>>> print(open('protein24.cif').read())   # mmCIF, C-alpha atoms and all ligand atoms
data_structure
#
loop_
_atom_site.group_PDB
_atom_site.id
_atom_site.type_symbol
_atom_site.label_atom_id
_atom_site.label_comp_id
_atom_site.auth_asym_id
_atom_site.auth_seq_id
_atom_site.Cartn_x
_atom_site.Cartn_y
_atom_site.Cartn_z
ATOM 1 C CA MET A 177 -14.762 17.189 60.739
ATOM 2 C CA SER A 178 -12.731 14.031 60.080
ATOM 3 C CA ARG A 179 -9.731 12.965 62.154
ATOM 4 C CA GLU A 180 -7.502 14.013 59.242
ATOM 5 C CA ASP A 181 -8.659 17.602 59.600
ATOM 6 C CA ASP A 182 -7.760 17.653 63.300
ATOM 7 C CA LYS A 183 -4.098 17.006 62.551
ATOM 8 C CA PRO A 184 -1.866 20.092 62.411
ATOM 9 C CA PRO A 185 -0.829 20.899 58.836
ATOM 10 C CA ARG A 186 2.457 19.241 57.853
ATOM 11 C CA LYS A 187 5.323 21.692 58.038
ATOM 12 C CA PRO A 188 7.110 22.161 54.715
ATOM 13 C CA GLU A 189 10.510 21.750 56.412
ATOM 14 C CA GLY A 190 9.345 18.303 57.558
ATOM 15 C CA ILE A 191 9.123 17.098 53.968
ATOM 16 C CA ARG A 192 12.347 15.525 52.847
ATOM 17 C CA LEU A 193 13.560 15.833 49.291
ATOM 18 C CA THR A 194 13.561 12.092 48.882
ATOM 19 C CA ASP A 195 9.898 11.932 49.964
ATOM 20 C CA HIS A 196 9.156 14.504 47.351
ATOM 21 C CA ARG A 197 10.969 12.554 44.669
ATOM 22 C CA THR A 198 9.281 9.301 45.632
ATOM 23 C CA ALA A 199 5.981 11.111 45.396
ATOM 24 C CA LEU A 200 6.925 12.365 41.935
ATOM 25 C CA VAL A 201 7.778 8.867 40.768
ATOM 26 C CA LYS A 202 4.506 7.568 42.179
ATOM 27 C CA LEU A 203 2.560 10.357 40.578
ATOM 28 C CA GLU A 204 4.162 9.626 37.248
ATOM 29 C CA ARG A 205 3.419 5.928 37.513
ATOM 30 C CA ARG A 206 -0.202 6.786 37.962
ATOM 31 C CA LEU A 207 -0.162 9.312 35.182
ATOM 32 C CA PHE A 208 1.598 7.096 32.706
ATOM 33 C CA LEU A 209 -0.294 3.894 32.999
ATOM 34 C CA ARG A 210 -3.051 4.803 30.634
ATOM 35 C CA SER A 211 -5.725 2.767 32.396
ATOM 36 C CA SER A 212 -4.916 4.349 35.746
ATOM 37 C CA LEU A 213 -4.838 7.712 34.060
ATOM 38 C CA LYS A 214 -8.467 7.268 33.144
ATOM 39 C CA ALA A 215 -9.264 6.235 36.714
ATOM 40 C CA THR A 216 -7.399 9.014 38.485
ATOM 41 C CA LEU A 217 -7.306 12.066 36.294
ATOM 42 C CA SER A 218 -9.835 13.056 33.698
ATOM 43 C CA VAL A 219 -8.806 14.785 30.488
ATOM 44 C CA GLY A 220 -10.633 17.819 31.868
ATOM 45 C CA ALA A 221 -8.569 17.839 35.049
ATOM 46 C CA LEU A 222 -5.359 17.462 33.057
ATOM 47 C CA SER A 223 -6.477 20.296 30.785
ATOM 48 C CA MET A 224 -6.795 22.492 33.851
ATOM 49 C CA LEU A 225 -3.361 21.431 35.137
ATOM 50 C CA SER A 226 -1.670 22.026 31.803
ATOM 51 C CA GLY A 227 -3.639 25.078 30.844
ATOM 52 C CA CYS A 228 -4.437 23.519 27.435
ATOM 53 C CA ASP A 229 -7.747 22.443 26.074
ATOM 54 C CA LEU A 230 -6.932 18.798 25.458
ATOM 55 C CA GLN A 231 -9.170 17.123 22.932
ATOM 56 C CA ASP A 232 -7.747 13.651 22.415
ATOM 57 C CA ASN A 233 -5.401 11.023 23.770
ATOM 58 C CA ASP A 234 -2.531 12.183 21.533
ATOM 59 C CA GLN A 235 -2.652 15.609 23.119
ATOM 60 C CA VAL A 236 -2.919 14.054 26.583
ATOM 61 C CA ASP A 237 0.161 11.950 25.784
ATOM 62 C CA LYS A 238 2.069 15.029 24.639
ATOM 63 C CA VAL A 239 1.323 16.865 27.874
ATOM 64 C CA LEU A 240 2.280 13.839 29.984
ATOM 65 C CA TRP A 241 5.561 13.395 28.066
ATOM 66 C CA ALA A 242 6.291 17.106 28.486
ATOM 67 C CA MET A 243 5.654 16.788 32.237
ATOM 68 C CA SER A 244 8.036 13.838 32.377
ATOM 69 C CA ARG A 245 10.786 15.713 30.467
ATOM 70 C CA TRP A 246 10.326 18.584 32.928
ATOM 71 C CA ASN A 247 10.624 16.041 35.759
ATOM 72 C CA ASP A 248 13.898 14.757 34.159
ATOM 73 C CA ARG A 249 15.306 18.274 34.237
ATOM 74 C CA VAL A 250 14.268 18.835 37.871
ATOM 75 C CA GLN A 251 15.787 15.509 38.944
ATOM 76 C CA ALA A 252 18.989 16.151 36.964
ATOM 77 C CA ALA A 253 19.340 19.548 38.656
ATOM 78 C CA LEU A 254 18.825 17.959 42.105
ATOM 79 C CA PHE A 255 21.276 15.092 41.439
ATOM 80 C CA ARG A 256 24.412 15.340 43.560
ATOM 81 C CA SER A 257 27.370 13.393 42.191
ATOM 82 C CA ASP A 258 28.921 13.262 45.669
ATOM 83 C CA LYS A 259 25.797 11.947 47.414
ATOM 84 C CA LEU A 260 26.115 8.205 47.926
ATOM 85 C CA ALA A 261 23.271 5.696 47.951
ATOM 86 C CA PRO A 262 22.985 3.922 51.335
ATOM 87 C CA THR A 263 25.123 0.801 51.791
ATOM 88 C CA TYR A 264 24.338 -2.207 54.004
ATOM 89 C CA ALA A 265 26.003 -4.993 55.986
ATOM 90 C CA ALA A 266 26.491 -8.450 54.451
ATOM 91 C CA SER A 267 24.005 -9.809 57.028
ATOM 92 C CA GLN A 268 21.279 -7.629 55.458
ATOM 93 C CA ILE A 269 21.550 -9.164 51.974
ATOM 94 C CA THR A 270 18.202 -10.437 50.658
ATOM 95 C CA ASN A 271 18.216 -14.183 50.082
ATOM 96 C CA PRO A 272 16.803 -15.368 47.760
ATOM 97 C CA PHE A 273 17.162 -12.226 45.663
ATOM 98 C CA PRO A 274 14.115 -11.544 43.448
ATOM 99 C CA PHE A 275 14.350 -12.008 39.682
ATOM 100 C CA ASN A 276 12.645 -9.569 37.339
ATOM 101 C CA ALA A 277 12.566 -9.028 33.594
ATOM 102 C CA PHE A 278 9.965 -8.525 30.868
ATOM 103 C CA TYR A 279 9.906 -12.345 30.537
ATOM 104 C CA ASP A 280 9.946 -15.361 32.878
ATOM 105 C CA GLU A 281 13.170 -16.441 34.566
ATOM 106 C CA VAL A 282 13.529 -19.626 32.442
ATOM 107 C CA ASN A 283 13.812 -17.383 29.383
ATOM 108 C CA ALA A 284 16.802 -15.368 30.621
ATOM 109 C CA PRO A 285 19.383 -15.289 27.802
ATOM 110 C CA ASP A 286 21.883 -18.112 27.828
ATOM 111 C CA ILE A 287 25.139 -16.410 26.857
ATOM 112 C CA ASP A 288 28.239 -18.282 25.702
ATOM 113 C CA ILE A 289 31.074 -16.337 27.294
ATOM 114 C CA ALA A 290 33.528 -17.486 24.593
ATOM 115 C CA ASP A 291 31.502 -15.510 22.023
ATOM 116 C CA TRP A 292 30.515 -12.617 24.261
ATOM 117 C CA ARG A 293 32.131 -9.198 23.809
ATOM 118 C CA LEU A 294 31.248 -5.803 25.196
ATOM 119 C CA GLU A 295 31.014 -3.646 22.065
ATOM 120 C CA VAL A 296 31.957 0.010 22.498
ATOM 121 C CA SER A 297 30.925 2.814 20.154
ATOM 122 C CA GLY A 298 29.997 6.474 19.796
ATOM 123 C CA MET A 299 32.043 9.326 21.256
ATOM 124 C CA VAL A 300 35.019 7.218 22.411
ATOM 125 C CA SER A 301 38.580 7.010 21.068
ATOM 126 C CA ASP A 302 39.112 3.239 21.549
ATOM 127 C CA LYS A 303 36.355 1.088 20.026
ATOM 128 C CA LYS A 304 38.019 -2.275 20.517
ATOM 129 C CA PRO A 305 35.477 -4.780 21.925
ATOM 130 C CA TRP A 306 36.183 -6.139 25.425
ATOM 131 C CA THR A 307 36.380 -9.792 26.441
ATOM 132 C CA ILE A 308 35.429 -10.717 30.003
ATOM 133 C CA GLU A 309 39.082 -11.544 30.783
ATOM 134 C CA ARG A 310 40.231 -8.103 29.720
ATOM 135 C CA LEU A 311 37.451 -6.455 31.752
ATOM 136 C CA ARG A 312 38.682 -8.345 34.809
ATOM 137 C CA THR A 313 42.112 -6.717 34.471
ATOM 138 C CA LEU A 314 40.568 -3.306 35.289
ATOM 139 C CA PRO A 315 40.199 -2.184 38.947
ATOM 140 C CA GLN A 316 37.051 -3.552 40.608
ATOM 141 C CA ALA A 317 34.838 -2.138 43.373
ATOM 142 C CA ALA A 318 32.206 -3.859 45.525
ATOM 143 C CA GLN A 319 28.956 -2.526 46.951
ATOM 144 C CA ILE A 320 26.072 -3.800 49.094
ATOM 145 C CA THR A 321 23.152 -1.634 48.077
ATOM 146 C CA ARG A 322 19.384 -1.684 47.716
ATOM 147 C CA HIS A 323 17.760 -2.338 44.346
ATOM 148 C CA ILE A 324 14.358 -0.657 44.127
ATOM 149 C CA CYS A 325 11.891 -1.834 41.476
ATOM 150 C CA ILE A 326 9.091 0.464 40.386
ATOM 151 C CA GLU A 327 6.712 -2.504 40.693
ATOM 152 C CA GLY A 328 6.837 -2.069 44.464
ATOM 153 C CA TRP A 329 9.591 -4.300 45.835
ATOM 154 C CA SER A 330 13.162 -3.740 46.887
ATOM 155 C CA ALA A 331 16.041 -6.042 47.827
ATOM 156 C CA ILE A 332 19.602 -5.713 49.102
ATOM 157 C CA GLY A 333 22.393 -7.348 47.116
ATOM 158 C CA GLN A 334 26.140 -7.297 46.661
ATOM 159 C CA TRP A 335 27.578 -6.487 43.263
ATOM 160 C CA SER A 336 31.166 -5.913 42.201
ATOM 161 C CA GLY A 337 32.748 -4.730 39.031
ATOM 162 C CA ILE A 338 34.439 -1.873 37.257
ATOM 163 C CA PRO A 339 33.375 1.657 38.158
ATOM 164 C CA LEU A 340 31.806 2.954 34.925
ATOM 165 C CA ARG A 341 33.929 6.106 35.295
ATOM 166 C CA THR A 342 37.093 3.949 35.199
ATOM 167 C CA PHE A 343 35.810 2.134 32.107
ATOM 168 C CA LEU A 344 34.882 5.373 30.323
ATOM 169 C CA GLN A 345 38.413 6.633 31.011
ATOM 170 C CA ALA A 346 39.881 3.377 29.679
ATOM 171 C CA ILE A 347 38.041 3.727 26.348
ATOM 172 C CA GLY A 348 38.790 7.438 26.013
ATOM 173 C CA ALA A 349 35.151 8.483 26.251
ATOM 174 C CA ASP A 350 34.200 12.110 25.716
ATOM 175 C CA MET A 351 33.041 12.905 29.258
ATOM 176 C CA THR A 352 31.355 16.084 28.040
ATOM 177 C CA ALA A 353 28.846 13.951 26.099
ATOM 178 C CA LYS A 354 25.358 13.837 27.565
ATOM 179 C CA TYR A 355 24.473 10.131 27.656
ATOM 180 C CA VAL A 356 25.764 6.599 27.930
ATOM 181 C CA GLY A 357 23.524 4.020 26.236
ATOM 182 C CA PHE A 358 23.398 0.246 26.798
ATOM 183 C CA LYS A 359 22.101 -2.614 24.640
ATOM 184 C CA CYS A 360 21.342 -6.055 26.058
ATOM 185 C CA ALA A 361 21.274 -9.610 24.724
ATOM 186 C CA ASP A 362 17.489 -9.810 25.273
ATOM 187 C CA ARG A 363 16.281 -6.715 23.329
ATOM 188 C CA TYR A 364 16.352 -4.685 26.529
ATOM 189 C CA TYR A 365 18.107 -1.321 26.424
ATOM 190 C CA SER A 366 18.556 1.690 28.696
ATOM 191 C CA SER A 367 20.655 4.808 29.169
ATOM 192 C CA LEU A 368 22.145 7.105 31.788
ATOM 193 C CA ASP A 369 22.888 10.806 31.991
ATOM 194 C CA MET A 370 26.672 11.432 32.125
ATOM 195 C CA PRO A 371 26.703 12.698 35.779
ATOM 196 C CA THR A 372 25.071 9.401 36.863
ATOM 197 C CA ALA A 373 27.438 7.390 34.626
ATOM 198 C CA LEU A 374 30.369 9.067 36.422
ATOM 199 C CA HIS A 375 28.871 8.607 39.919
ATOM 200 C CA PRO A 376 31.278 6.579 42.122
ATOM 201 C CA GLN A 377 28.671 3.851 42.774
ATOM 202 C CA THR A 378 27.763 3.249 39.123
ATOM 203 C CA ILE A 379 29.556 0.025 38.169
ATOM 204 C CA LEU A 380 29.782 -2.483 35.331
ATOM 205 C CA ALA A 381 29.006 -5.423 37.616
ATOM 206 C CA LEU A 382 30.565 -8.802 36.788
ATOM 207 C CA ASP A 383 29.953 -10.461 40.169
ATOM 208 C CA PHE A 384 26.905 -11.003 42.347
ATOM 209 C CA GLY A 385 27.772 -12.032 45.891
ATOM 210 C CA ASN A 386 31.243 -13.516 45.527
ATOM 211 C CA GLU A 387 30.639 -15.243 42.202
ATOM 212 C CA ALA A 388 30.188 -14.349 38.548
ATOM 213 C CA LEU A 389 26.681 -12.977 37.907
ATOM 214 C CA PRO A 390 24.283 -15.908 37.492
ATOM 215 C CA THR A 391 22.219 -16.065 34.277
ATOM 216 C CA SER A 392 19.088 -14.743 36.038
ATOM 217 C CA TYR A 393 20.817 -11.671 37.391
ATOM 218 C CA GLY A 394 22.520 -10.532 34.206
ATOM 219 C CA PHE A 395 25.454 -12.781 33.198
ATOM 220 C CA PRO A 396 28.028 -11.755 32.206
ATOM 221 C CA LEU A 397 27.630 -7.996 32.772
ATOM 222 C CA LYS A 398 25.010 -5.808 34.378
ATOM 223 C CA VAL A 399 25.073 -2.069 34.956
ATOM 224 C CA ARG A 400 24.504 -1.525 38.665
ATOM 225 C CA VAL A 401 23.260 1.979 39.466
ATOM 226 C CA PRO A 402 22.058 2.299 43.081
ATOM 227 C CA THR A 403 20.977 5.926 42.502
ATOM 228 C CA LYS A 404 18.381 4.783 39.953
ATOM 229 C CA LEU A 405 15.296 2.577 39.937
ATOM 230 C CA GLY A 406 15.770 -1.090 38.997
ATOM 231 C CA PHE A 407 14.703 -0.751 35.380
ATOM 232 C CA LYS A 408 17.700 1.540 34.745
ATOM 233 C CA ASN A 409 20.030 -1.342 35.728
ATOM 234 C CA PRO A 410 20.337 -3.256 32.438
ATOM 235 C CA LYS A 411 21.403 -6.918 32.636
ATOM 236 C CA HIS A 412 23.147 -9.049 29.950
ATOM 237 C CA VAL A 413 24.771 -5.954 28.456
ATOM 238 C CA VAL A 414 26.414 -6.460 25.044
ATOM 239 C CA ALA A 415 27.044 -2.879 23.917
ATOM 240 C CA LEU A 416 27.853 0.500 25.421
ATOM 241 C CA TYR A 417 27.904 3.797 23.541
ATOM 242 C CA VAL A 418 28.513 7.450 24.325
ATOM 243 C CA THR A 419 26.240 9.966 22.635
ATOM 244 C CA ASN A 420 24.538 13.353 22.762
ATOM 245 C CA GLN A 421 21.192 11.895 21.581
ATOM 246 C CA ASN A 422 19.081 10.475 24.404
ATOM 247 C CA PRO A 423 18.987 6.699 23.717
ATOM 248 C CA GLY A 424 15.840 6.163 25.835
ATOM 249 C CA GLY A 425 15.131 2.697 27.153
ATOM 250 C CA TYR A 426 12.814 -0.308 27.058
ATOM 251 C CA TRP A 427 10.512 0.966 29.821
ATOM 252 C CA GLU A 428 11.497 4.623 29.451
ATOM 253 C CA ASP A 429 10.089 4.641 25.902
ATOM 254 C CA GLN A 430 6.808 3.197 27.164
ATOM 255 C CA GLY A 431 6.278 6.146 29.487
ATOM 256 C CA TYR A 432 8.304 5.411 32.591
ATOM 257 C CA ASN A 433 10.184 8.508 33.647
ATOM 258 C CA TRP A 434 13.617 8.538 31.956
ATOM 259 C CA PHE A 435 15.683 9.963 34.845
ATOM 260 C CA SER A 436 14.032 7.797 37.549
ATOM 261 C CA GLY A 437 16.395 8.621 40.402
ATOM 262 C CA VAL A 438 15.686 7.113 43.803
HETATM 263 N N1 LIG B 1 18.361 -7.118 30.076
HETATM 264 C C1 LIG B 1 17.410 -6.788 30.978
HETATM 265 N N2 LIG B 1 17.757 -6.018 32.016
HETATM 266 C C2 LIG B 1 16.825 -5.670 32.935
HETATM 267 C C3 LIG B 1 15.459 -6.065 32.801
HETATM 268 C C4 LIG B 1 15.128 -6.862 31.672
HETATM 269 O O1 LIG B 1 13.969 -7.259 31.450
HETATM 270 N N3 LIG B 1 16.128 -7.214 30.780
HETATM 271 N N4 LIG B 1 14.539 -5.685 33.758
HETATM 272 C C5 LIG B 1 14.894 -4.572 34.660
HETATM 273 C C6 LIG B 1 14.059 -4.489 35.841
HETATM 274 S S1 LIG B 1 12.511 -3.814 35.670
HETATM 275 C C7 LIG B 1 14.508 -4.867 37.084
HETATM 276 S S2 LIG B 1 13.609 -4.633 38.498
HETATM 277 C C8 LIG B 1 15.835 -5.506 37.239
HETATM 278 C C9 LIG B 1 15.717 -6.847 37.953
HETATM 279 O O2 LIG B 1 17.000 -7.349 38.237
HETATM 280 P P1 LIG B 1 17.181 -8.692 39.054
HETATM 281 O O3 LIG B 1 16.619 -9.823 38.217
HETATM 282 O O4 LIG B 1 18.627 -8.801 39.292
HETATM 283 O O5 LIG B 1 16.399 -8.532 40.331
HETATM 284 O O6 LIG B 1 16.491 -5.703 36.013
HETATM 285 C C10 LIG B 1 16.348 -4.645 35.090
HETATM 286 N N5 LIG B 1 17.228 -4.908 33.985
HETATM 287 MO MO MO B 2 11.909 -3.207 37.826
#
>>> encode(input="protein24.cif", output="structure tokens")
Amino acid sequence: MSREDDKPPRKPEGIRLTDHRTALVKLERRLFLRSSLKATLSVGALSMLSGCDLQDNDQVDKVLWAMSRWNDRVQAALFRSDKLAPTYAASQITNPFPFNAFYDEVNAPDIDIADWRLEVSGMVSDKKPWTIERLRTLPQAAQITRHICIEGWSAIGQWSGIPLRTFLQAIGADMTAKYVGFKCADRYYSSLDMPTALHPQTILALDFGNEALPTSYGFPLKVRVPTKLGFKNPKHVVALYVTNQNPGGYWEDQGYNWFSGV
């Protein structure tokens, strides 16, 4: 008998929800990276799990996508709009803060603020584009929160900007719509479910620390969502739209779980 077997079985009440969700995210990461899939779970094993006789990779993909959509629904049902992400003291801020994108830092988009506008479309009554000056006239909120990247690092930073709820009210958004989508200057895109968009800590961040967002971290506007993994925090946002069709996202459409709550 190994040492593992000597340990008393873990009590179910000892397992926290967050542990469970982290485990789900980890499981999905393993399932969705096709190479790891081959290493960890055979088609036969997945056939047993799904109860289908899977013959090819297309069918495997379908089952994995279906599992992920089921995971979205479970996470959406567990999401509490009044549960706040942890906040930290200024002394805990990570310095230097890590950069991440699907390209190297030198290639971060160089945006001329004179030309930049936040375009607004979809299920909203006021589609007038926003300049940075006009955005700064709206009420701002600050947060020191932890950014968690699915690649296995996390860092604490301070962001401030307009609560997305306040912005959605300002543009007369239909709050009964299901999704808010974002498009970025670098081909990146992402989207949020409406309850997360309305969460008090979801902000259209204009500042990082006490200054305007630097180029690397999303100048001039980044969506900061501390209840979601890093990849659902789009930087260099140029367009926002409200819709009932799930807009997906850059990583989401490559198999990363769409909801990806933390
Ligand atoms: N426009 C844009 N936004 C993006 C990305 C990107 O490649 N382009 N990468 C995402 C990922 S995976 C992470 S972890 C964070 C990194 O943000 P940071 O550079 O501020 O640490 O940005 C997210 N938002
Ligand atoms: Mo990330």
>>> residues_around(input="protein24.cif", residues="Leu344 of chain A", least_positions_apart="3", cutoff="12 Å", atoms="all atoms listed in the file", output="ChimeraX atom specification")
/A:296-303,314,338-341,347-353,355-356,370,373-375,378-380,416-418
>>> residues_near_ligand(input="protein24.cif", ligand="ligand LIG 1 (chain B)", cutoff="6 Å", atoms="all atoms listed in the file", output="MDAnalysis selection string")
chainID A and resid 274:278 325 360 362 364 392:393 406:407 409:412
>>> closest_residue(input="protein24.cif", among="A:Thr307, A:Gln251, A:Gln421, A:Ser330", to="ligand MO 2 (chain B)", atoms="all atoms listed in the file")
A:Ser330
>>> resolve_selection(input="protein24.cif", expression="the PyMOL selection byres (((chain A and resi 270) around 7) and not hetatm)", output="JSON, numbers by chain")
{"A": [268, 269, 271, 272, 273, 331, 332, 333]}
>>> closest_residue(input="protein24.cif", among="A:Val413, A:Ala346, A:Val401, A:Ile324", to="ligand MO 2 (chain B)", atoms="only C-alpha atoms and all ligand atoms")
A:Ile324
>>> axis_aligned_box(input="protein24.cif", around="segment 350-356 of chain A", padding_each_side="6 Å", output="JSON")
{"center_x": 29.3, "center_y": 11.3, "center_z": 27.5, "size_x": 21.7, "size_y": 21.5, "size_z": 15.5}
>>> residues_around(input="protein24.cif", residues="segment 384-389 of chain A", least_positions_apart="4", cutoff="7 Å", atoms="all atoms listed in the file", output="list in words")
Gln334, Trp335, Ser336, Tyr393, Gly394, Phe395 and Pro396 of chain A
>>> resolve_selection(input="protein24.cif", expression="the PyMOL selection byres (((chain A and resi 424) around 12) and not hetatm)", output="number ranges by chain")
A: 245, 355-359, 364-369, 407-408, 419-423, 425-436
>>> atom_distance(input="protein24.cif", atom1="atom CA of Arg293 of chain A", atom2="atom CA of Val414 of chain A")
6.5 Å
>>> atom_distance(input="protein24.cif", atom1="atom CA of Thr313 of chain A", atom2="atom CA of Ala290 of chain A")
16.9 Å
>>> atom_distance(input="protein24.cif", atom1="atom CA of Pro402 of chain A", atom2="atom CA of Gln377 of chain A")
6.8 Å
>>> closest_residue(input="protein24.cif", among="A:Pro376, A:Pro305, A:Pro315, A:Gly328", to="ligand MO 2 (chain B)", atoms="all atoms listed in the file")
A:Gly328
>>> closest_residue(input="protein24.cif", among="A:Arg400, A:Lys259, A:Arg249, A:His323", to="ligand MO 2 (chain B)", atoms="all atoms listed in the file")
A:His323
>>> build_atoms(input="protein24.cif", residues="segment 309-327 of chain A", atoms="N, CA and C atoms", output="PDB file, in the frame of the given file")
ATOM      1  N   GLU A 309      37.760 -11.470  30.149  1.00  0.00           N
ATOM      2  CA  GLU A 309      39.082 -11.544  30.783  1.00  0.00           C
ATOM      3  C   GLU A 309      39.722 -10.158  30.850  1.00  0.00           C
ATOM      4  N   ARG A 310      39.606  -9.428  29.741  1.00  0.00           N
ATOM      5  CA  ARG A 310      40.231  -8.103  29.720  1.00  0.00           C
ATOM      6  C   ARG A 310      39.516  -7.170  30.702  1.00  0.00           C
ATOM      7  N   LEU A 311      38.184  -7.293  30.798  1.00  0.00           N
ATOM      8  CA  LEU A 311      37.451  -6.455  31.752  1.00  0.00           C
ATOM      9  C   LEU A 311      37.922  -6.718  33.177  1.00  0.00           C
ATOM     10  N   ARG A 312      38.258  -7.987  33.446  1.00  0.00           N
ATOM     11  CA  ARG A 312      38.682  -8.345  34.809  1.00  0.00           C
ATOM     12  C   ARG A 312      40.068  -7.810  35.163  1.00  0.00           C
ATOM     13  N   THR A 313      40.807  -7.314  34.163  1.00  0.00           N
ATOM     14  CA  THR A 313      42.112  -6.717  34.471  1.00  0.00           C
ATOM     15  C   THR A 313      41.962  -5.275  34.986  1.00  0.00           C
ATOM     16  N   LEU A 314      40.786  -4.682  34.802  1.00  0.00           N
ATOM     17  CA  LEU A 314      40.568  -3.306  35.289  1.00  0.00           C
ATOM     18  C   LEU A 314      40.253  -3.335  36.790  1.00  0.00           C
ATOM     19  N   PRO A 315      40.493  -2.218  37.504  1.00  0.00           N
ATOM     20  CA  PRO A 315      40.199  -2.184  38.947  1.00  0.00           C
ATOM     21  C   PRO A 315      38.714  -2.429  39.221  1.00  0.00           C
ATOM     22  N   GLN A 316      38.430  -3.193  40.272  1.00  0.00           N
ATOM     23  CA  GLN A 316      37.051  -3.552  40.608  1.00  0.00           C
ATOM     24  C   GLN A 316      36.654  -2.921  41.943  1.00  0.00           C
ATOM     25  N   ALA A 317      35.360  -2.672  42.105  1.00  0.00           N
ATOM     26  CA  ALA A 317      34.838  -2.138  43.373  1.00  0.00           C
ATOM     27  C   ALA A 317      33.594  -2.936  43.748  1.00  0.00           C
ATOM     28  N   ALA A 318      33.369  -3.092  45.056  1.00  0.00           N
ATOM     29  CA  ALA A 318      32.206  -3.859  45.525  1.00  0.00           C
ATOM     30  C   ALA A 318      31.231  -2.944  46.257  1.00  0.00           C
ATOM     31  N   GLN A 319      29.958  -3.299  46.216  1.00  0.00           N
ATOM     32  CA  GLN A 319      28.956  -2.526  46.951  1.00  0.00           C
ATOM     33  C   GLN A 319      27.836  -3.451  47.433  1.00  0.00           C
ATOM     34  N   ILE A 320      27.299  -3.136  48.617  1.00  0.00           N
ATOM     35  CA  ILE A 320      26.072  -3.800  49.094  1.00  0.00           C
ATOM     36  C   ILE A 320      25.033  -2.697  49.171  1.00  0.00           C
ATOM     37  N   THR A 321      24.113  -2.734  48.215  1.00  0.00           N
ATOM     38  CA  THR A 321      23.152  -1.634  48.077  1.00  0.00           C
ATOM     39  C   THR A 321      21.751  -2.191  47.853  1.00  0.00           C
ATOM     40  N   ARG A 322      20.777  -1.282  47.891  1.00  0.00           N
ATOM     41  CA  ARG A 322      19.384  -1.684  47.716  1.00  0.00           C
ATOM     42  C   ARG A 322      18.924  -1.424  46.283  1.00  0.00           C
ATOM     43  N   HIS A 323      18.348  -2.443  45.686  1.00  0.00           N
ATOM     44  CA  HIS A 323      17.760  -2.338  44.346  1.00  0.00           C
ATOM     45  C   HIS A 323      16.263  -2.077  44.550  1.00  0.00           C
ATOM     46  N   ILE A 324      15.773  -1.014  43.945  1.00  0.00           N
ATOM     47  CA  ILE A 324      14.358  -0.657  44.127  1.00  0.00           C
ATOM     48  C   ILE A 324      13.628  -0.763  42.794  1.00  0.00           C
ATOM     49  N   CYS A 325      12.662  -1.654  42.717  1.00  0.00           N
ATOM     50  CA  CYS A 325      11.891  -1.834  41.476  1.00  0.00           C
ATOM     51  C   CYS A 325      10.622  -1.010  41.557  1.00  0.00           C
ATOM     52  N   ILE A 326      10.269  -0.387  40.453  1.00  0.00           N
ATOM     53  CA  ILE A 326       9.091   0.464  40.386  1.00  0.00           C
ATOM     54  C   ILE A 326       7.808  -0.339  40.621  1.00  0.00           C
ATOM     55  N   GLU A 327       7.903  -1.666  40.475  1.00  0.00           N
ATOM     56  CA  GLU A 327       6.712  -2.504  40.693  1.00  0.00           C
ATOM     57  C   GLU A 327       6.375  -2.674  42.166  1.00  0.00           C
TER      58      GLU A 327
END
